[in-house]
>>> print(open('coords.txt').read())   # compact mmCIF, C-alpha atoms and all ligand atoms
# COMPACT_ATOMS: atom_id res chain seq x y z
CA MET A 9 8.59 3.08 -3.67
CA THR A 10 10.18 0.09 -5.32
CA GLU A 11 8.72 -2.13 -8.00
CA VAL A 12 9.52 -5.78 -7.63
CA GLU A 13 8.50 -9.17 -8.96
CA ARG A 14 4.80 -9.84 -9.62
CA GLY A 15 4.07 -6.13 -9.77
CA PHE A 16 4.10 -5.69 -5.98
CA GLN A 17 4.85 -2.18 -4.81
CA PHE A 18 5.74 -0.90 -1.38
CA GLY A 19 5.07 2.60 -0.14
CA GLY A 20 6.33 2.43 3.42
CA ARG A 21 3.33 1.34 5.51
CA LEU A 22 2.87 -2.41 5.64
CA SER A 23 -0.90 -2.38 6.13
CA LEU A 24 -1.49 0.01 3.23
CA ASP A 25 1.00 -1.90 1.10
CA LEU A 26 -1.23 -4.95 1.48
CA THR A 27 -4.16 -2.98 0.06
CA TRP A 28 -1.92 -2.17 -2.93
CA THR A 29 -2.15 -5.85 -3.99
CA LEU A 30 -5.49 -5.06 -5.60
CA ARG A 31 -4.59 -2.38 -8.15
CA TYR A 32 -6.85 0.02 -10.05
CA ARG A 33 -9.84 -0.65 -7.78
CA ALA A 34 -11.79 2.28 -9.16
CA ILE A 35 -11.41 1.57 -12.87
CA ALA A 36 -10.22 -1.99 -13.57
CA PRO A 37 -9.54 -4.05 -10.43
CA THR A 38 -6.39 -6.12 -10.93
CA GLU A 39 -5.63 -8.86 -8.40
CA LEU A 40 -1.94 -9.36 -7.64
CA LEU A 41 -2.53 -12.09 -5.01
CA ARG A 42 -3.71 -14.68 -7.52
CA SER A 43 -2.20 -17.76 -5.87
CA PRO A 44 -0.82 -18.90 -2.51
CA GLU A 45 2.64 -18.56 -4.07
CA ASP A 46 1.92 -14.87 -4.73
CA LEU A 47 1.09 -14.46 -1.04
CA ARG A 48 4.27 -16.28 -0.04
CA THR A 49 6.27 -13.86 -2.20
CA TRP A 50 4.46 -10.80 -0.82
CA CYS A 51 4.99 -11.84 2.82
CA SER A 52 8.64 -12.65 2.10
CA LEU A 53 9.23 -9.22 0.56
CA ALA A 54 7.12 -7.25 3.03
CA VAL A 55 7.89 -8.91 6.37
CA ALA A 56 10.39 -11.78 6.33
CA PRO A 57 11.18 -14.84 4.18
CA VAL A 58 8.47 -17.52 4.30
CA GLU A 59 10.20 -20.89 4.02
CA ALA A 60 7.12 -23.12 4.32
CA PRO A 61 4.49 -23.73 1.62
CA VAL A 62 1.42 -21.50 1.71
CA GLY A 63 -2.12 -22.79 1.14
CA PRO A 64 -5.44 -21.43 -0.16
CA THR A 65 -6.78 -20.91 3.38
CA GLU A 66 -3.99 -18.45 4.12
CA LEU A 67 -4.60 -16.71 0.81
CA ARG A 68 -8.30 -16.26 1.63
CA ALA A 69 -7.38 -14.94 5.09
CA ALA A 70 -4.90 -12.43 3.66
CA VAL A 71 -7.44 -11.14 1.14
CA GLU A 72 -10.04 -10.86 3.91
CA LEU A 73 -7.62 -8.84 6.06
CA ARG A 74 -6.67 -6.71 3.06
CA GLU A 75 -10.27 -5.83 2.31
CA ALA A 76 -10.94 -5.05 5.98
CA ILE A 77 -7.95 -2.68 6.03
CA HIS A 78 -9.07 -1.05 2.79
CA GLY A 79 -12.63 -0.63 4.07
CA ALA A 80 -11.42 0.80 7.37
CA ALA A 81 -8.88 3.17 5.78
CA THR A 82 -11.49 4.39 3.28
CA ALA A 83 -13.84 5.13 6.19
CA VAL A 84 -11.14 7.09 8.01
CA ILE A 85 -10.30 9.11 4.87
CA ASP A 86 -13.99 9.82 4.29
CA GLY A 87 -14.44 10.90 7.90
CA VAL A 88 -16.89 8.18 8.92
CA ARG A 89 -16.73 5.40 11.52
CA ILE A 90 -14.91 2.19 10.56
CA PRO A 91 -17.43 -0.59 9.73
CA ALA A 92 -17.72 -2.99 12.70
CA THR A 93 -16.85 -6.08 10.62
CA ASP A 94 -13.66 -4.45 9.33
CA ARG A 95 -12.67 -3.38 12.83
CA ALA A 96 -13.30 -6.91 14.15
CA THR A 97 -11.23 -8.54 11.40
CA ILE A 98 -8.28 -6.20 11.94
CA ASN A 99 -8.43 -6.59 15.73
CA ASP A 100 -8.64 -10.36 15.43
CA TRP A 101 -5.47 -10.48 13.33
CA ALA A 102 -3.69 -7.95 15.54
CA SER A 103 -4.29 -10.21 18.54
CA ARG A 104 -2.58 -13.27 17.01
CA PRO A 105 1.01 -14.37 17.68
CA SER A 106 3.13 -11.99 15.69
CA ALA A 107 6.49 -12.18 13.98
CA PHE A 108 9.25 -11.10 16.33
CA ARG A 109 12.77 -9.70 16.25
CA SER A 110 15.85 -11.56 17.31
CA LEU A 111 19.61 -11.39 16.86
CA ASP A 112 21.00 -13.45 14.01
CA ARG A 113 24.38 -15.20 13.94
CA GLN A 114 26.06 -11.99 12.85
CA ASP A 115 24.48 -10.20 15.85
CA ARG A 116 22.17 -8.16 13.65
CA ALA A 117 18.49 -7.63 14.40
CA ALA A 118 16.30 -9.76 12.14
CA VAL A 119 12.54 -10.26 11.84
CA ARG A 120 11.50 -13.87 12.37
CA LEU A 121 8.18 -15.44 11.45
CA ARG A 122 6.64 -18.01 13.78
CA PRO A 123 7.87 -21.41 12.54
CA GLY A 124 4.49 -23.12 12.89
CA ALA A 125 2.46 -20.31 11.33
CA PRO A 126 4.70 -18.03 9.27
CA VAL A 127 2.01 -16.34 7.16
CA GLU A 128 -0.29 -15.89 10.14
CA SER A 129 2.51 -14.22 12.10
CA ALA A 130 3.29 -11.96 9.12
CA LEU A 131 -0.37 -10.93 8.81
CA ALA A 132 -0.43 -10.20 12.55
CA VAL A 133 2.34 -7.65 11.94
CA VAL A 134 0.34 -6.16 9.07
CA ALA A 135 -2.75 -5.90 11.28
CA ALA A 136 -0.78 -4.24 14.08
CA ASP A 137 0.45 -1.65 11.59
CA ALA A 138 -3.16 -1.12 10.49
CA VAL A 139 -4.16 -0.44 14.10
CA ASP A 140 -1.41 2.19 14.34
CA VAL A 141 -2.22 3.86 11.02
CA LEU A 142 -5.99 3.84 11.48
CA GLY A 143 -5.99 4.70 15.15
CA THR A 144 -3.62 7.66 14.96
CA ALA A 145 -6.16 9.94 13.24
CA ASP A 146 -3.48 12.44 12.21
CA GLY A 147 -5.25 13.46 8.99
CA ARG A 148 -2.42 12.04 6.91
CA LEU A 149 -4.19 8.99 5.53
CA ARG A 150 -4.89 9.82 1.90
CA ARG A 151 -6.09 8.53 -1.44
CA CYS A 152 -3.71 9.05 -4.38
CA GLU A 153 -4.88 11.78 -6.76
CA GLY A 154 -3.16 10.18 -9.76
CA PRO A 155 -5.50 9.50 -12.70
CA GLY A 156 -7.22 6.12 -12.14
CA CYS A 157 -4.85 5.23 -9.28
CA SER A 158 -6.76 5.60 -5.96
CA LEU A 159 -4.07 3.80 -3.92
CA LEU A 160 -4.19 4.65 -0.21
CA PHE A 161 -1.08 5.98 1.50
CA HIS A 162 0.05 7.59 4.73
CA ASP A 163 1.81 10.92 4.30
CA SER A 164 4.85 10.92 6.57
CA SER A 165 6.52 13.86 4.81
CA ARG A 166 7.46 16.86 6.92
CA PRO A 167 5.16 19.38 5.16
CA GLY A 168 2.32 16.84 5.07
CA SER A 169 1.22 17.91 1.61
CA ARG A 170 1.81 14.66 -0.28
CA ARG A 171 -0.85 13.97 -2.91
CA TRP A 172 0.39 10.84 -4.67
CA CYS A 173 1.20 7.25 -3.84
CA SER A 174 4.53 7.95 -5.50
CA THR A 175 5.95 11.16 -6.91
CA ALA A 176 7.91 9.13 -9.44
CA ARG A 177 4.80 7.35 -10.74
CA CYS A 178 1.56 9.29 -10.27
CA GLY A 179 3.12 12.67 -9.40
CA ASN A 180 5.13 12.70 -12.60
CA ARG A 181 2.16 11.54 -14.65
CA VAL A 182 -0.04 14.34 -13.28
CA ASN A 183 2.67 16.94 -13.85
CA THR A 184 3.31 15.69 -17.38
CA VAL A 185 -0.41 15.79 -18.25
CA ALA A 186 -0.75 19.29 -16.77
CA TYR A 187 2.34 20.44 -18.67
CA ARG A 188 1.03 19.09 -21.98
CA ARG A 189 -2.36 20.68 -21.31
CA ARG A 190 -0.73 24.04 -20.61
CA ARG A 191 1.28 23.82 -23.79
CA VAL A 192 -1.76 22.90 -25.91
CA VAL A 193 -3.90 25.62 -24.30
CA GLY A 194 -1.03 28.10 -24.65
CA ALA A 195 -0.57 27.34 -28.33
CA ALA A 196 -4.29 27.79 -29.06
CA ASP A 197 -4.74 30.91 -26.97
CA PRO A 198 -4.86 34.06 -29.16
CA ASP A 199 -4.64 36.33 -26.10
CA ARG A 200 -1.38 34.81 -25.01
CA PRO A 201 1.34 37.44 -24.88
CA ASP A 202 3.83 37.07 -27.68
CA ARG A 203 7.14 36.44 -25.98
CA THR A 204 9.17 37.31 -29.04
CA GLY A 205 7.45 40.69 -29.38
ZN ZN B 301 -1.01 6.77 -7.37
>>> encode(input="coords.txt", output="structure tokens", more="lines below")
Ligand SMILES: [Zn+2]
Amino acid sequence: MTEVERGFQFGGRLSLDLTWTLRYRAIAPTELLRSPEDLRTWCSLAVAPVEAPVGPTELRAAVELREAIHGAATAVIDGVRIPATDRATINDWASRPSAFRSLDRQDRAAVRLRPGAPVESALAVVAADAVDVLGTADGRLRRCEGPGCSLLFHDSSRPGSRRWCSTARCGNRVNTVAYRRRRVVGAADPDRPDRTG
């Protein structure tokens, strides 16, 4: 995971990364898509550079798609059916003209947004990823166990035992807390074997 401008973070799955733009949902919801410019930056970092200005309508649409993905992913994690409105929103976006790949002047593959509707075509890519993640039902869609985190992620590790959105962030925090707790408990425990004895 990398941390970049505006606090955006990316964990590897585009659709779940979009849900990460509302942080700390469970304890203190913090909106990272506060303006159309924030959305322009997110799309540029996540999909491909958006050259055109972005408006409030696109921002509302992105937030609507984000909440639909979050609602649907939460349902999958909790083992219940995806709410019909969330499914409809995701399917609607997945059906729209998407960004595409083409060869650039250096003959390298590059993602291109639709010139007339760059943000829409980026969100179509996000929705398509959501269809893949949600529809795979591989039991690897998870909620981060980090204290107060609750970010959703897809575990693509080989053992499939990932518990945190990021080992560097939440994994370390959990391990550090557990380590401190063990030390405190150890120091106060009269039955603890004396290692020097
Ligand atoms: Zn986390």
>>> residues_around(input="coords.txt", residues="A:Ala80", least_positions_apart="5", cutoff="8 Å", atoms="all atoms listed in the file", output="compact mmCIF listing (two decimals) with C-alpha atoms, keeping the file's coordinate frame")
# COMPACT_ATOMS: atom_id res chain seq x y z
CA ILE A 90 -14.91 2.19 10.56
CA PRO A 91 -17.43 -0.59 9.73
CA ASP A 94 -13.66 -4.45 9.33
CA ARG A 95 -12.67 -3.38 12.83
CA LEU A 142 -5.99 3.84 11.48
>>> closest_atom_pairs(input="coords.txt", of="chain A", to="ligand ZN 301 (chain B)", cutoff="12 Å", atoms="only C-alpha atoms and all ligand atoms", output="CSV")
residue,atom,partner,partner_atom,distance
A:Met9,CA,B:ZN301,ZN,10.9
A:Gln17,CA,B:ZN301,ZN,11.0
A:Phe18,CA,B:ZN301,ZN,11.8
A:Gly19,CA,B:ZN301,ZN,10.3
A:Trp28,CA,B:ZN301,ZN,10.0
A:Arg31,CA,B:ZN301,ZN,9.9
A:Tyr32,CA,B:ZN301,ZN,9.3
A:Arg33,CA,B:ZN301,ZN,11.5
A:Ala34,CA,B:ZN301,ZN,11.8
A:Arg150,CA,B:ZN301,ZN,10.5
A:Arg151,CA,B:ZN301,ZN,8.0
A:Cys152,CA,B:ZN301,ZN,4.6
A:Glu153,CA,B:ZN301,ZN,6.4
A:Gly154,CA,B:ZN301,ZN,4.7
A:Pro155,CA,B:ZN301,ZN,7.5
A:Gly156,CA,B:ZN301,ZN,7.9
A:Cys157,CA,B:ZN301,ZN,4.6
A:Ser158,CA,B:ZN301,ZN,6.0
A:Leu159,CA,B:ZN301,ZN,5.5
A:Leu160,CA,B:ZN301,ZN,8.1
A:Phe161,CA,B:ZN301,ZN,8.9
A:Arg170,CA,B:ZN301,ZN,11.0
A:Arg171,CA,B:ZN301,ZN,8.5
A:Trp172,CA,B:ZN301,ZN,5.1
A:Cys173,CA,B:ZN301,ZN,4.2
A:Ser174,CA,B:ZN301,ZN,6.0
A:Thr175,CA,B:ZN301,ZN,8.2
A:Ala176,CA,B:ZN301,ZN,9.5
A:Arg177,CA,B:ZN301,ZN,6.7
A:Cys178,CA,B:ZN301,ZN,4.6
A:Gly179,CA,B:ZN301,ZN,7.5
A:Asn180,CA,B:ZN301,ZN,10.0
A:Arg181,CA,B:ZN301,ZN,9.3
A:Val182,CA,B:ZN301,ZN,9.7
>>> write_last_selection(input="coords.txt", atoms="C-alpha atoms", output="PDB file, in the frame of the given file")
ATOM      1  CA  MET A   9       8.590   3.080  -3.670  1.00  0.00           C
ATOM      2  CA  GLN A  17       4.850  -2.180  -4.810  1.00  0.00           C
ATOM      3  CA  PHE A  18       5.740  -0.900  -1.380  1.00  0.00           C
ATOM      4  CA  GLY A  19       5.070   2.600  -0.140  1.00  0.00           C
ATOM      5  CA  TRP A  28      -1.920  -2.170  -2.930  1.00  0.00           C
ATOM      6  CA  ARG A  31      -4.590  -2.380  -8.150  1.00  0.00           C
ATOM      7  CA  TYR A  32      -6.850   0.020 -10.050  1.00  0.00           C
ATOM      8  CA  ARG A  33      -9.840  -0.650  -7.780  1.00  0.00           C
ATOM      9  CA  ALA A  34     -11.790   2.280  -9.160  1.00  0.00           C
ATOM     10  CA  ARG A 150      -4.890   9.820   1.900  1.00  0.00           C
ATOM     11  CA  ARG A 151      -6.090   8.530  -1.440  1.00  0.00           C
ATOM     12  CA  CYS A 152      -3.710   9.050  -4.380  1.00  0.00           C
ATOM     13  CA  GLU A 153      -4.880  11.780  -6.760  1.00  0.00           C
ATOM     14  CA  GLY A 154      -3.160  10.180  -9.760  1.00  0.00           C
ATOM     15  CA  PRO A 155      -5.500   9.500 -12.700  1.00  0.00           C
ATOM     16  CA  GLY A 156      -7.220   6.120 -12.140  1.00  0.00           C
ATOM     17  CA  CYS A 157      -4.850   5.230  -9.280  1.00  0.00           C
ATOM     18  CA  SER A 158      -6.760   5.600  -5.960  1.00  0.00           C
ATOM     19  CA  LEU A 159      -4.070   3.800  -3.920  1.00  0.00           C
ATOM     20  CA  LEU A 160      -4.190   4.650  -0.210  1.00  0.00           C
ATOM     21  CA  PHE A 161      -1.080   5.980   1.500  1.00  0.00           C
ATOM     22  CA  ARG A 170       1.810  14.660  -0.280  1.00  0.00           C
ATOM     23  CA  ARG A 171      -0.850  13.970  -2.910  1.00  0.00           C
ATOM     24  CA  TRP A 172       0.390  10.840  -4.670  1.00  0.00           C
ATOM     25  CA  CYS A 173       1.200   7.250  -3.840  1.00  0.00           C
ATOM     26  CA  SER A 174       4.530   7.950  -5.500  1.00  0.00           C
ATOM     27  CA  THR A 175       5.950  11.160  -6.910  1.00  0.00           C
ATOM     28  CA  ALA A 176       7.910   9.130  -9.440  1.00  0.00           C
ATOM     29  CA  ARG A 177       4.800   7.350 -10.740  1.00  0.00           C
ATOM     30  CA  CYS A 178       1.560   9.290 -10.270  1.00  0.00           C
ATOM     31  CA  GLY A 179       3.120  12.670  -9.400  1.00  0.00           C
ATOM     32  CA  ASN A 180       5.130  12.700 -12.600  1.00  0.00           C
ATOM     33  CA  ARG A 181       2.160  11.540 -14.650  1.00  0.00           C
ATOM     34  CA  VAL A 182      -0.040  14.340 -13.280  1.00  0.00           C
TER      35      VAL A 182
END
>>> residues_around(input="coords.txt", residues="A:Arg68", least_positions_apart="6", cutoff="12 Å", atoms="all atoms listed in the file", output="list in words")
Leu41, Arg42, Ser43, Pro44, Leu47, Val62, Arg74, Glu75, Val127, Glu128 and Leu131 of chain A
>>> closest_residue(input="coords.txt", among="A:Val134, A:Leu22, A:Ala118, A:Ala125", to="A:Asp100", atoms="all atoms listed in the file")
A:Val134
>>> atom_distance(input="coords.txt", atom1="atom CA of A:Gly15", atom2="atom CA of A:Pro37")
13.8 Å
>>> atom_distance(input="coords.txt", atom1="atom CA of A:Val71", atom2="atom CA of A:Thr27")
8.9 Å
>>> atom_distance(input="coords.txt", atom1="atom CA of A:Leu40", atom2="atom CA of A:Ala70")
12.1 Å
>>> closest_residue(input="coords.txt", among="A:Ala102, A:Glu39, A:Pro126, A:Leu26", to="A:His78", atoms="only C-alpha atoms")
A:Leu26
>>> closest_residue(input="coords.txt", among="A:Ala135, A:Arg113, A:Ser165, A:Arg104", to="A:Asp25", atoms="all atoms listed in the file")
A:Ala135
>>> closest_residue(input="coords.txt", among="A:Val139, A:Leu30, A:Ala130, A:Ala145", to="A:Ala54", atoms="all atoms listed in the file")
A:Ala130
>>> residues_around(input="coords.txt", residues="A:Gly143", least_positions_apart="6", cutoff="10 Å", atoms="all atoms listed in the file", output="PyMOL selection string")
chain A and resi 81+84+137
>>> write_last_selection(input="coords.txt", atoms="C-alpha atoms", output="CSV table (one decimal), in the coordinates of the input")
chain,number,residue,atom,x,y,z
A,81,ALA,CA,-8.9,3.2,5.8
A,84,VAL,CA,-11.1,7.1,8.0
A,137,ASP,CA,0.4,-1.6,11.6
>>> closest_residue(input="coords.txt", among="A:Thr65, A:Thr93, A:Gln114, A:Ser164", to="A:Val141", atoms="all atoms listed in the file")
A:Ser164
>>> axis_aligned_box(input="coords.txt", around="stretch 13-20 of chain A", padding_each_side="8 Å", output="AutoDock Vina command-line options")
--center_x 6.3 --center_y -3.6 --center_z -3.2 --size_x 20.4 --size_y 28.4 --size_z 29.2
>>> closest_residue(input="coords.txt", among="A:Ala107, A:Leu149, A:Ala96, A:Ala117", to="A:Val55", atoms="all atoms listed in the file")
A:Ala107
>>> build_atoms(input="coords.txt", residues="stretch 126-137 of chain A", atoms="all heavy atoms", output="PDB file, in the frame of the given file")
ATOM      1  N   PRO A 126       3.956 -19.196   9.761  1.00  0.00           N
ATOM      2  CA  PRO A 126       4.700 -18.030   9.270  1.00  0.00           C
ATOM      3  C   PRO A 126       3.805 -16.940   8.670  1.00  0.00           C
ATOM      4  O   PRO A 126       3.984 -15.759   8.990  1.00  0.00           O
ATOM      5  CB  PRO A 126       5.646 -18.629   8.220  1.00  0.00           C
ATOM      6  CG  PRO A 126       5.096 -19.973   7.889  1.00  0.00           C
ATOM      7  CD  PRO A 126       4.374 -20.439   9.096  1.00  0.00           C
ATOM      8  N   VAL A 127       2.854 -17.347   7.806  1.00  0.00           N
ATOM      9  CA  VAL A 127       2.010 -16.340   7.160  1.00  0.00           C
ATOM     10  C   VAL A 127       1.118 -15.652   8.189  1.00  0.00           C
ATOM     11  O   VAL A 127       0.957 -14.431   8.194  1.00  0.00           O
ATOM     12  CB  VAL A 127       1.168 -16.977   6.031  1.00  0.00           C
ATOM     13  CG1 VAL A 127       0.119 -15.997   5.517  1.00  0.00           C
ATOM     14  CG2 VAL A 127       2.081 -17.417   4.889  1.00  0.00           C
ATOM     15  N   GLU A 128       0.556 -16.460   9.101  1.00  0.00           N
ATOM     16  CA  GLU A 128      -0.290 -15.890  10.140  1.00  0.00           C
ATOM     17  C   GLU A 128       0.493 -14.852  10.953  1.00  0.00           C
ATOM     18  O   GLU A 128      -0.018 -13.762  11.239  1.00  0.00           O
ATOM     19  CB  GLU A 128      -0.803 -17.008  11.056  1.00  0.00           C
ATOM     20  CG  GLU A 128      -1.781 -16.517  12.103  1.00  0.00           C
ATOM     21  CD  GLU A 128      -2.361 -17.661  12.940  1.00  0.00           C
ATOM     22  OE1 GLU A 128      -2.172 -18.836  12.543  1.00  0.00           O
ATOM     23  OE2 GLU A 128      -2.979 -17.379  13.970  1.00  0.00           O
ATOM     24  N   SER A 129       1.733 -15.165  11.280  1.00  0.00           N
ATOM     25  CA  SER A 129       2.510 -14.220  12.100  1.00  0.00           C
ATOM     26  C   SER A 129       2.892 -12.978  11.298  1.00  0.00           C
ATOM     27  O   SER A 129       3.038 -11.890  11.858  1.00  0.00           O
ATOM     28  CB  SER A 129       3.759 -14.901  12.670  1.00  0.00           C
ATOM     29  OG  SER A 129       4.676 -15.251  11.660  1.00  0.00           O
ATOM     30  N   ALA A 130       3.019 -13.129   9.965  1.00  0.00           N
ATOM     31  CA  ALA A 130       3.290 -11.960   9.120  1.00  0.00           C
ATOM     32  C   ALA A 130       2.038 -11.078   9.042  1.00  0.00           C
ATOM     33  O   ALA A 130       2.122  -9.849   9.136  1.00  0.00           O
ATOM     34  CB  ALA A 130       3.709 -12.401   7.723  1.00  0.00           C
ATOM     35  N   LEU A 131       0.877 -11.710   8.901  1.00  0.00           N
ATOM     36  CA  LEU A 131      -0.370 -10.930   8.810  1.00  0.00           C
ATOM     37  C   LEU A 131      -0.683 -10.248  10.140  1.00  0.00           C
ATOM     38  O   LEU A 131      -1.304  -9.181  10.159  1.00  0.00           O
ATOM     39  CB  LEU A 131      -1.527 -11.841   8.384  1.00  0.00           C
ATOM     40  CG  LEU A 131      -1.427 -12.399   6.956  1.00  0.00           C
ATOM     41  CD1 LEU A 131      -2.620 -13.283   6.632  1.00  0.00           C
ATOM     42  CD2 LEU A 131      -1.280 -11.286   5.918  1.00  0.00           C
ATOM     43  N   ALA A 132      -0.245 -10.847  11.244  1.00  0.00           N
ATOM     44  CA  ALA A 132      -0.430 -10.200  12.550  1.00  0.00           C
ATOM     45  C   ALA A 132       0.358  -8.892  12.611  1.00  0.00           C
ATOM     46  O   ALA A 132      -0.111  -7.896  13.175  1.00  0.00           O
ATOM     47  CB  ALA A 132       0.013 -11.142  13.669  1.00  0.00           C
ATOM     48  N   VAL A 133       1.547  -8.885  12.006  1.00  0.00           N
ATOM     49  CA  VAL A 133       2.340  -7.650  11.940  1.00  0.00           C
ATOM     50  C   VAL A 133       1.627  -6.606  11.084  1.00  0.00           C
ATOM     51  O   VAL A 133       1.563  -5.421  11.438  1.00  0.00           O
ATOM     52  CB  VAL A 133       3.751  -7.940  11.335  1.00  0.00           C
ATOM     53  CG1 VAL A 133       4.529  -6.658  11.149  1.00  0.00           C
ATOM     54  CG2 VAL A 133       4.520  -8.903  12.217  1.00  0.00           C
ATOM     55  N   VAL A 134       1.074  -7.060   9.972  1.00  0.00           N
ATOM     56  CA  VAL A 134       0.340  -6.160   9.070  1.00  0.00           C
ATOM     57  C   VAL A 134      -0.853  -5.544   9.809  1.00  0.00           C
ATOM     58  O   VAL A 134      -1.101  -4.336   9.725  1.00  0.00           O
ATOM     59  CB  VAL A 134      -0.133  -6.927   7.817  1.00  0.00           C
ATOM     60  CG1 VAL A 134      -1.054  -6.061   6.965  1.00  0.00           C
ATOM     61  CG2 VAL A 134       1.069  -7.398   6.991  1.00  0.00           C
ATOM     62  N   ALA A 135      -1.575  -6.387  10.556  1.00  0.00           N
ATOM     63  CA  ALA A 135      -2.750  -5.900  11.280  1.00  0.00           C
ATOM     64  C   ALA A 135      -2.353  -4.908  12.380  1.00  0.00           C
ATOM     65  O   ALA A 135      -3.043  -3.907  12.602  1.00  0.00           O
ATOM     66  CB  ALA A 135      -3.515  -7.081  11.887  1.00  0.00           C
ATOM     67  N   ALA A 136      -1.244  -5.173  13.046  1.00  0.00           N
ATOM     68  CA  ALA A 136      -0.780  -4.240  14.080  1.00  0.00           C
ATOM     69  C   ALA A 136      -0.444  -2.886  13.472  1.00  0.00           C
ATOM     70  O   ALA A 136      -0.730  -1.835  14.055  1.00  0.00           O
ATOM     71  CB  ALA A 136       0.456  -4.823  14.792  1.00  0.00           C
ATOM     72  N   ASP A 137       0.151  -2.910  12.278  1.00  0.00           N
ATOM     73  CA  ASP A 137       0.450  -1.650  11.590  1.00  0.00           C
ATOM     74  C   ASP A 137      -0.850  -0.936  11.220  1.00  0.00           C
ATOM     75  O   ASP A 137      -0.938   0.291  11.326  1.00  0.00           O
ATOM     76  CB  ASP A 137       1.278  -1.922  10.331  1.00  0.00           C
ATOM     77  CG  ASP A 137       1.649  -0.633   9.608  1.00  0.00           C
ATOM     78  OD1 ASP A 137       2.404   0.159  10.200  1.00  0.00           O
ATOM     79  OD2 ASP A 137       1.166  -0.405   8.484  1.00  0.00           O
TER      80      ASP A 137
END
